[in-house]
>>> print(open('model-v9.tsv').read())   # TSV, C-alpha atoms and all ligand atoms
chain	number	residue	atom	x	y	z
Y	1	MET	CA	44.72	3.16	5.29
Y	2	HIS	CA	42.18	0.49	6.20
Y	3	TYR	CA	40.93	0.95	9.78
Y	4	LEU	CA	38.05	-0.73	11.54
Y	5	GLY	CA	35.32	1.95	11.73
Y	6	GLY	CA	37.52	4.43	9.82
Y	7	LYS	CA	35.80	7.45	8.30
Y	8	PHE	CA	37.38	7.31	4.85
Y	9	ARG	CA	34.04	7.44	3.00
Y	10	SER	CA	32.36	10.18	5.06
Y	11	LYS	CA	35.39	12.35	5.92
Y	12	LYS	CA	34.61	15.10	3.41
Y	13	GLN	CA	31.01	15.63	4.51
Y	14	ILE	CA	31.90	15.52	8.21
Y	15	CYS	CA	34.80	17.95	7.79
Y	16	GLU	CA	32.75	20.45	5.77
Y	17	TYR	CA	30.36	20.54	8.70
Y	18	LEU	CA	33.13	20.78	11.33
Y	19	LYS	CA	34.74	23.61	9.39
Y	20	GLU	CA	31.48	25.57	9.37
Y	21	VAL	CA	31.11	25.10	13.13
Y	22	ILE	CA	34.72	26.22	13.73
Y	23	GLU	CA	34.33	29.37	11.63
Y	24	LYS	CA	30.88	30.30	12.90
Y	25	ASN	CA	31.83	29.92	16.58
Y	26	ASP	CA	35.41	31.19	16.32
Y	27	ILE	CA	36.72	27.92	17.77
Y	28	LYS	CA	40.42	27.79	18.67
Y	29	GLU	CA	40.64	24.31	20.23
Y	30	TYR	CA	39.78	21.16	18.32
Y	31	ILE	CA	39.85	17.88	20.23
Y	32	GLU	CA	39.40	14.41	18.77
Y	33	PRO	CA	39.50	11.75	21.53
Y	34	PHE	CA	38.98	8.71	19.22
Y	35	CYS	CA	41.36	9.65	16.41
Y	36	GLY	CA	42.05	6.13	15.05
Y	37	SER	CA	43.62	6.32	11.61
Y	38	LEU	CA	43.30	10.14	11.45
Y	39	TRP	CA	40.92	10.27	8.48
Y	40	ILE	CA	38.98	13.16	10.00
Y	41	THR	CA	41.81	15.22	11.49
Y	42	SER	CA	43.93	14.97	8.34
Y	43	GLU	CA	41.00	16.03	6.17
Y	44	LEU	CA	40.24	18.96	8.48
Y	45	ALA	CA	43.89	20.02	8.52
Y	46	LYS	CA	43.75	20.49	4.72
Y	47	HIS	CA	41.58	23.56	5.33
Y	48	ASP	CA	44.38	25.48	7.03
Y	49	LEU	CA	42.27	26.62	9.96
Y	50	ASP	CA	43.77	28.68	12.77
Y	51	ILE	CA	43.17	26.10	15.53
Y	52	ASN	CA	45.07	23.82	17.92
Y	53	TYR	CA	44.58	20.15	17.20
Y	54	THR	CA	44.62	17.73	20.13
Y	55	VAL	CA	44.20	14.17	18.90
Y	56	SER	CA	44.22	11.07	21.02
Y	57	ASP	CA	43.19	7.46	21.24
Y	58	SER	CA	43.45	4.85	23.97
Y	59	HIS	CA	45.32	2.45	21.66
Y	60	LYS	CA	48.97	2.54	22.77
Y	61	ALA	CA	50.62	1.05	19.68
Y	62	LEU	CA	48.58	3.27	17.36
Y	63	ILE	CA	49.62	6.47	19.12
Y	64	ALA	CA	53.23	5.23	19.38
Y	65	MET	CA	53.14	4.82	15.58
Y	66	TRP	CA	51.74	8.32	14.89
Y	67	LYS	CA	54.19	9.97	17.27
Y	68	GLU	CA	57.13	8.17	15.69
Y	69	MET	CA	55.98	9.09	12.17
Y	70	GLN	CA	55.66	12.69	13.34
Y	71	GLN	CA	59.41	12.50	14.12
Y	72	GLY	CA	60.17	11.23	10.62
Y	73	TRP	CA	60.11	7.46	11.18
Y	74	ILE	CA	59.65	5.36	8.05
Y	75	PRO	CA	58.48	1.78	8.70
Y	76	ASP	CA	60.83	-0.80	7.24
Y	77	PHE	CA	58.98	-3.82	5.85
Y	78	PRO	CA	59.68	-6.35	3.08
Y	79	ASP	CA	57.87	-6.43	-0.29
Y	80	ASP	CA	57.68	-10.20	-0.13
Y	81	THR	CA	54.39	-11.33	1.46
Y	82	THR	CA	55.82	-14.49	3.04
Y	83	GLU	CA	58.55	-12.46	4.76
Y	84	LEU	CA	55.96	-9.87	5.84
Y	85	GLU	CA	53.75	-12.57	7.33
Y	86	LYS	CA	56.69	-13.82	9.44
Y	87	ILE	CA	57.16	-10.31	10.86
Y	88	TYR	CA	53.40	-10.08	11.47
Y	89	ASP	CA	53.35	-13.45	13.31
Y	90	ASN	CA	56.36	-12.51	15.40
Y	91	LEU	CA	54.95	-9.12	16.49
Y	92	LYS	CA	51.56	-10.68	17.17
Y	93	LEU	CA	53.13	-12.81	19.92
Y	94	THR	CA	53.70	-9.64	21.98
Y	95	LYS	CA	50.63	-7.64	20.97
Y	96	HIS	CA	49.36	-7.55	24.57
Y	97	THR	CA	52.66	-6.60	26.19
Y	98	GLU	CA	54.53	-4.39	23.72
Y	99	PHE	CA	53.25	-1.27	22.01
Y	100	THR	CA	55.97	-0.22	19.61
Y	101	PRO	CA	55.39	1.89	16.46
Y	102	MET	CA	56.06	-1.27	14.41
Y	103	HIS	CA	53.35	-3.16	16.33
Y	104	GLY	CA	50.99	-0.31	15.44
Y	105	PHE	CA	51.96	-0.19	11.78
Y	106	ILE	CA	52.01	-3.94	11.06
Y	107	GLY	CA	49.09	-4.74	13.39
Y	108	PHE	CA	46.74	-2.30	11.68
Y	109	SER	CA	48.01	-2.32	8.10
Y	110	CYS	CA	48.14	-6.12	7.78
Y	111	GLY	CA	45.24	-6.90	10.11
Y	112	TYR	CA	42.22	-8.21	8.24
Y	113	SER	CA	39.68	-5.38	7.60
Y	114	GLY	CA	41.92	-2.92	9.47
Y	115	LYS	CA	41.45	-4.74	12.76
Y	116	TYR	CA	44.55	-4.82	14.99
Y	117	PHE	CA	46.24	-8.20	14.35
Y	118	GLY	CA	42.84	-9.43	13.20
Y	119	GLY	CA	44.29	-12.14	10.89
Y	120	PHE	CA	46.96	-11.58	8.22
Y	121	ALA	CA	45.53	-9.79	5.18
Y	122	ARG	CA	47.48	-10.91	2.12
Y	123	GLY	CA	46.99	-7.98	-0.24
Y	124	HIS	CA	46.52	-7.77	-4.00
Y	125	ASN	CA	48.68	-8.22	-7.08
Y	126	ASP	CA	50.04	-4.68	-6.73
Y	127	GLY	CA	51.52	-5.35	-3.30
Y	128	SER	CA	50.91	-6.11	0.34
Y	129	TYR	CA	48.53	-4.22	2.61
Y	130	ALA	CA	51.56	-2.82	4.44
Y	131	LYS	CA	52.68	-1.19	1.17
Y	132	THR	CA	49.16	0.10	0.39
Y	133	CYS	CA	48.85	1.47	3.91
Y	134	TRP	CA	52.21	3.26	3.84
Y	135	ASN	CA	51.38	4.79	0.43
Y	136	SER	CA	48.05	5.99	1.80
Y	137	ILE	CA	49.67	7.52	4.90
Y	138	LYS	CA	52.25	9.29	2.70
Y	139	LYS	CA	49.55	10.61	0.39
Y	140	HIS	CA	46.92	11.73	2.90
Y	141	LYS	CA	48.43	12.18	6.35
Y	142	LEU	CA	52.19	12.62	6.65
Y	143	ARG	CA	52.31	16.31	5.74
Y	144	HIS	CA	49.73	17.19	8.42
Y	145	LEU	CA	51.23	15.28	11.35
Y	146	SER	CA	53.38	18.20	12.57
Y	147	LYS	CA	50.19	20.17	13.34
Y	148	PHE	CA	48.83	17.61	15.78
Y	149	ASN	CA	49.39	17.22	19.53
Y	150	PHE	CA	49.13	13.48	20.13
Y	151	ASP	CA	48.21	11.81	23.37
Y	152	CYS	CA	47.43	8.25	24.36
Y	153	CYS	CA	44.54	8.41	26.80
Y	154	ASP	CA	40.97	7.57	27.61
Y	155	TYR	CA	38.37	10.06	26.36
Y	156	THR	CA	37.51	11.01	29.97
Y	157	GLN	CA	40.91	12.70	30.21
Y	158	TYR	CA	39.21	15.82	28.78
Y	159	ASN	CA	36.92	16.33	31.76
Y	160	GLY	CA	36.88	20.01	32.65
Y	161	VAL	CA	37.83	21.30	29.17
Y	162	LYS	CA	35.92	24.39	28.00
Y	163	ASP	CA	35.22	26.26	24.73
Y	164	ALA	CA	36.47	23.50	22.42
Y	165	LEU	CA	34.97	21.66	19.50
Y	166	ILE	CA	35.12	17.98	20.45
Y	167	TYR	CA	34.50	15.53	17.63
Y	168	CYS	CA	33.94	11.94	18.78
Y	169	ASP	CA	33.97	8.79	16.68
Y	170	PRO	CA	33.69	6.09	19.36
Y	171	PRO	CA	33.27	2.35	18.77
Y	172	TYR	CA	29.67	2.04	17.58
Y	173	GLU	CA	27.19	0.85	20.16
Y	174	LYS	CA	25.72	-1.89	18.02
Y	175	THR	CA	29.14	-3.36	17.22
Y	176	THR	CA	30.85	-2.92	20.59
Y	177	LYS	CA	29.02	-5.80	22.26
Y	178	TYR	CA	31.00	-8.11	20.01
Y	179	SER	CA	34.32	-6.36	19.80
Y	180	SER	CA	35.21	-4.45	22.97
Y	181	ASN	CA	33.92	-3.52	26.37
Y	182	PHE	CA	33.30	0.12	25.56
Y	183	ASP	CA	30.50	1.40	27.78
Y	184	SER	CA	28.27	3.46	25.45
Y	185	SER	CA	25.86	4.61	28.13
Y	186	GLN	CA	28.72	6.00	30.22
Y	187	PHE	CA	30.04	7.68	27.09
Y	188	TRP	CA	26.70	9.45	26.35
Y	189	ASP	CA	26.62	10.70	29.96
Y	190	TRP	CA	30.08	12.16	29.45
Y	191	VAL	CA	28.94	13.84	26.21
Y	192	ARG	CA	25.96	15.39	28.04
Y	193	GLU	CA	28.30	16.80	30.67
Y	194	MET	CA	30.93	18.07	28.21
Y	195	SER	CA	28.24	19.67	26.01
Y	196	LYS	CA	27.55	22.23	28.75
Y	197	ASP	CA	30.86	24.01	28.04
Y	198	ASN	CA	31.86	22.79	24.57
Y	199	ILE	CA	30.42	21.91	21.19
Y	200	VAL	CA	30.46	18.11	21.13
Y	201	LEU	CA	29.59	16.20	17.95
Y	202	VAL	CA	29.39	12.41	17.81
Y	203	SER	CA	29.42	10.07	14.81
Y	204	GLU	CA	27.09	7.14	15.45
Y	205	CYS	CA	24.29	5.14	13.84
Y	206	GLN	CA	22.05	5.75	16.83
Y	207	ALA	CA	21.85	8.03	19.87
Y	208	PRO	CA	19.70	8.51	22.98
Y	209	ASP	CA	16.49	10.58	22.66
Y	210	ASP	CA	18.02	13.77	24.06
Y	211	PHE	CA	20.38	13.96	21.05
Y	212	GLN	CA	19.59	15.08	17.51
Y	213	SER	CA	21.43	14.45	14.28
Y	214	VAL	CA	22.70	17.65	12.69
Y	215	LEU	CA	24.01	15.79	9.63
Y	216	ASP	CA	22.85	12.47	8.17
Y	217	ILE	CA	25.31	10.62	5.96
Y	218	ASN	CA	24.59	7.57	3.83
Y	219	VAL	CA	27.58	5.27	3.71
Y	220	ASP	CA	28.00	2.28	1.42
Y	221	ARG	CA	29.38	-0.35	3.81
Y	222	GLY	CA	30.85	-3.68	2.78
Y	223	ILE	CA	29.53	-6.45	5.04
Y	224	ARG	CA	31.56	-9.66	5.02
Y	225	SER	CA	29.73	-12.95	5.56
Y	226	GLY	CA	31.23	-15.88	7.49
Y	227	LYS	CA	32.18	-17.42	4.11
Y	228	GLY	CA	34.13	-14.29	3.17
Y	229	ASN	CA	31.64	-12.94	0.57
Y	230	VAL	CA	31.16	-9.19	0.67
Y	231	SER	CA	27.75	-7.60	0.16
Y	232	TYR	CA	27.16	-3.84	0.17
Y	233	LYS	CA	24.53	-2.09	2.21
Y	234	ILE	CA	23.68	1.60	2.58
Y	235	GLN	CA	23.92	2.56	6.23
Y	236	THR	CA	22.84	5.95	7.60
Y	237	GLU	CA	25.20	7.47	10.12
Y	238	GLY	CA	24.42	10.64	12.02
Y	239	LEU	CA	26.46	13.43	13.52
Y	240	TYR	CA	24.78	13.83	16.88
Y	241	GLN	CA	24.60	16.80	19.23
Y	242	ALA	CA	22.94	17.03	22.65
Y	243	ILE	CA	19.64	18.91	22.80
Y	244	LEU	CA	20.35	21.22	25.71
Y	245	PRO	CA	17.50	22.12	28.09
M	1	LIG	C1	35.62	4.09	15.14
M	1	LIG	S1	37.29	4.15	15.61
M	1	LIG	C2	37.79	5.78	15.14
M	1	LIG	C3	38.07	5.84	13.67
M	1	LIG	C4	38.63	7.16	13.20
M	1	LIG	N1	37.65	8.21	13.24
M	1	LIG	C5	39.14	7.00	11.78
M	1	LIG	O1	38.56	7.57	10.83
M	1	LIG	O2	40.09	6.24	11.59
M	1	LIG	C6	37.18	4.22	17.36
M	1	LIG	C7	38.51	4.45	18.08
M	1	LIG	O3	38.22	4.58	19.47
M	1	LIG	C8	39.35	4.10	20.20
M	1	LIG	N2	38.88	3.87	21.59
M	1	LIG	C9	38.13	2.84	22.08
M	1	LIG	N3	37.86	3.04	23.39
M	1	LIG	C10	38.41	4.23	23.73
M	1	LIG	C11	38.46	5.01	24.94
M	1	LIG	N4	37.87	4.57	26.07
M	1	LIG	N5	39.10	6.21	24.94
M	1	LIG	C12	39.72	6.65	23.82
M	1	LIG	N6	39.73	5.95	22.63
M	1	LIG	C13	39.08	4.77	22.59
M	1	LIG	C14	39.77	2.87	19.41
M	1	LIG	O4	41.14	2.55	19.67
M	1	LIG	C15	39.52	3.33	17.97
M	1	LIG	O5	40.70	3.84	17.40
>>> encode(input="model-v9.tsv", output="structure tokens", more="lines below")
Ligand SMILES: C[S@@+](CC[C@H](N)C(=O)[O-])C[C@H]1O[C@@H](n2cnc3c(N)ncnc32)[C@H](O)[C@@H]1O
Amino acid sequence: MHYLGGKFRSKKQICEYLKEVIEKNDIKEYIEPFCGSLWITSELAKHDLDINYTVSDSHKALIAMWKEMQQGWIPDFPDDTTELEKIYDNLKLTKHTEFTPMHGFIGFSCGYSGKYFGGFARGHNDGSYAKTCWNSIKKHKLRHLSKFNFDCCDYTQYNGVKDALIYCDPPYEKTTKYSSNFDSSQFWDWVREMSKDNIVLVSECQAPDDFQSVLDINVDRGIRSGKGNVSYKIQTEGLYQAILP
């Protein structure tokens, strides 16, 4: 499943590290407040760890989609791309007012580069992006969904939590200026506070000076130019932890 900022390429390395932390510290509560397309949680769940998974995101249609799939919902969409585009255009009209599972599924699966209704992505010869996305969900995620407690909330909802491993994959600071109004400095303050009673790990390309990277990962990222050409660039992402006084 294509998802803007999704951790498909680095999921294995990140989860190996999270697993070690869970086992070494006898963690029972795992919390992921920016779960997105579930690449990390689903990978972690493969390890059959004895932990509670709380996964959330502030995106209403996304969480509506995961909750509905957890209950057995199968999205119904046409194979024909022209028909699919009509459904996409129709749902897009209400993307700010309605947050149904179908808005979540079509908005993300057919949105260009995995961006919610970010322009209709046509797909390849072997089918539409909706089909590719559903096949990917079936292959990688569906069997794990029953283990997860889903919530739709802001990350600050976890204020006061103790003794958990909290893995955060927020919108990246250097991209948020253009795409959302996520306040990164407020977020780092929250991580400092939560790190007093929990183990908090953050995926980012950069962090304030009182954080250190415990795992550096080189990711081959496709960068699309205004003309639509894609060039590849190795980007180093860290897994950051607060240096406690
Ligand atoms: C980089 S993506 C996470 C990608 C995810 N790790 C994956 O592999 O698919 C960041 C996520 O943060 C969510 N988000 C943005 N602001 C948020 C907030 N204030 N509280 C909770 N989630 C938020 C977005 O909806 C998005 O799904």
>>> closest_atom_pairs(input="model-v9.tsv", of="chain Y", to="ligand LIG 1 (chain M)", cutoff="9 Å", atoms="only C-alpha atoms and all ligand atoms", output="CSV")
residue,atom,partner,partner_atom,distance
Y:Met1,CA,M:LIG1,O2,8.4
Y:His2,CA,M:LIG1,O2,8.2
Y:Tyr3,CA,M:LIG1,O2,5.7
Y:Leu4,CA,M:LIG1,S1,6.4
Y:Gly5,CA,M:LIG1,C1,4.0
Y:Gly6,CA,M:LIG1,O1,3.5
Y:Lys7,CA,M:LIG1,O1,3.7
Y:Phe8,CA,M:LIG1,O1,6.1
Y:Ser10,CA,M:LIG1,O1,8.9
Y:Lys11,CA,M:LIG1,O1,7.6
Y:Glu32,CA,M:LIG1,N1,8.5
Y:Pro33,CA,M:LIG1,C12,5.6
Y:Phe34,CA,M:LIG1,O3,4.2
Y:Cys35,CA,M:LIG1,C4,4.9
Y:Gly36,CA,M:LIG1,O5,3.5
Y:Ser37,CA,M:LIG1,O2,3.5
Y:Leu38,CA,M:LIG1,O2,5.1
Y:Trp39,CA,M:LIG1,O1,4.3
Y:Ile40,CA,M:LIG1,O1,5.7
Y:Thr41,CA,M:LIG1,N1,8.3
Y:Ser56,CA,M:LIG1,C12,6.9
Y:Asp57,CA,M:LIG1,N6,4.0
Y:Ser58,CA,M:LIG1,N6,4.1
Y:His59,CA,M:LIG1,O4,4.6
Y:Lys60,CA,M:LIG1,O4,8.4
Y:Leu62,CA,M:LIG1,O4,7.8
Y:Cys152,CA,M:LIG1,C12,7.9
Y:Cys153,CA,M:LIG1,C12,5.9
Y:Asp154,CA,M:LIG1,N5,3.5
Y:Tyr155,CA,M:LIG1,N5,4.2
Y:Thr156,CA,M:LIG1,N5,7.1
Y:Gln157,CA,M:LIG1,N5,8.6
Y:Cys168,CA,M:LIG1,N1,7.6
Y:Asp169,CA,M:LIG1,N1,5.1
Y:Pro170,CA,M:LIG1,C6,4.4
Y:Pro171,CA,M:LIG1,C6,4.6
Y:Tyr172,CA,M:LIG1,C1,6.7
Y:Ser180,CA,M:LIG1,C9,7.9
Y:Asn181,CA,M:LIG1,N3,8.2
Y:Phe182,CA,M:LIG1,N3,5.8
Y:Asp183,CA,M:LIG1,N4,8.2
Y:Phe187,CA,M:LIG1,N4,8.5
Y:Ser203,CA,M:LIG1,N1,8.6
>>> residues_around(input="model-v9.tsv", residues="segment 99-115 of chain Y", least_positions_apart="5", cutoff="8 Å", atoms="all atoms listed in the file", output="ChimeraX atom specification")
/Y:1-4,60-66,68,75,88,91-92,120-122,128-130,133
>>> closest_residue(input="model-v9.tsv", among="Y:Tyr116, Y:Trp73, Y:Tyr17, Y:Tyr30", to="Lys162 of chain Y", atoms="all atoms listed in the file")
Y:Tyr30
>>> closest_residue(input="model-v9.tsv", among="Y:Ile22, Y:Gly118, Y:Ile74, Y:Asp209", to="Lys95 of chain Y", atoms="only C-alpha atoms")
Y:Gly118
>>> residues_around(input="model-v9.tsv", residues="Asn218 of chain Y", least_positions_apart="2", cutoff="9 Å", atoms="all atoms listed in the file", output="list in words")
Ser10, Asp216, Asp220, Ile234, Gln235, Thr236, Glu237 and Gly238 of chain Y
>>> atom_distance(input="model-v9.tsv", atom1="atom CA of Gly119 of chain Y", atom2="atom CA of Leu145 of chain Y")
28.3 Å
>>> residues_around(input="model-v9.tsv", residues="Leu18 of chain Y", least_positions_apart="6", cutoff="9 Å", atoms="only C-alpha atoms", output="PyMOL selection string")
chain Y and resi 44+165+167+201
>>> closest_residue(input="model-v9.tsv", among="Y:Lys174, Y:Lys46, Y:Lys131, Y:Lys12", to="Arg143 of chain Y", atoms="all atoms listed in the file")
Y:Lys46
>>> atom_distance(input="model-v9.tsv", atom1="atom CA of Lys139 of chain Y", atom2="atom CA of Ser42 of chain Y")
10.7 Å
>>> atom_distance(input="model-v9.tsv", atom1="atom CA of Lys28 of chain Y", atom2="atom CA of Val191 of chain Y")
19.6 Å
>>> closest_residue(input="model-v9.tsv", among="Y:Val200, Y:Thr97, Y:Asn135, Y:Met194", to="Gln212 of chain Y", atoms="all atoms listed in the file")
Y:Val200
>>> closest_residue(input="model-v9.tsv", among="Y:Ile199, Y:Asp151, Y:Tyr240, Y:Ser146", to="Asn25 of chain Y", atoms="all atoms listed in the file")
Y:Ile199
>>> closest_residue(input="model-v9.tsv", among="Y:Asn52, Y:Ser195, Y:Asn90, Y:Gln241", to="Asn159 of chain Y", atoms="all atoms listed in the file")
Y:Ser195
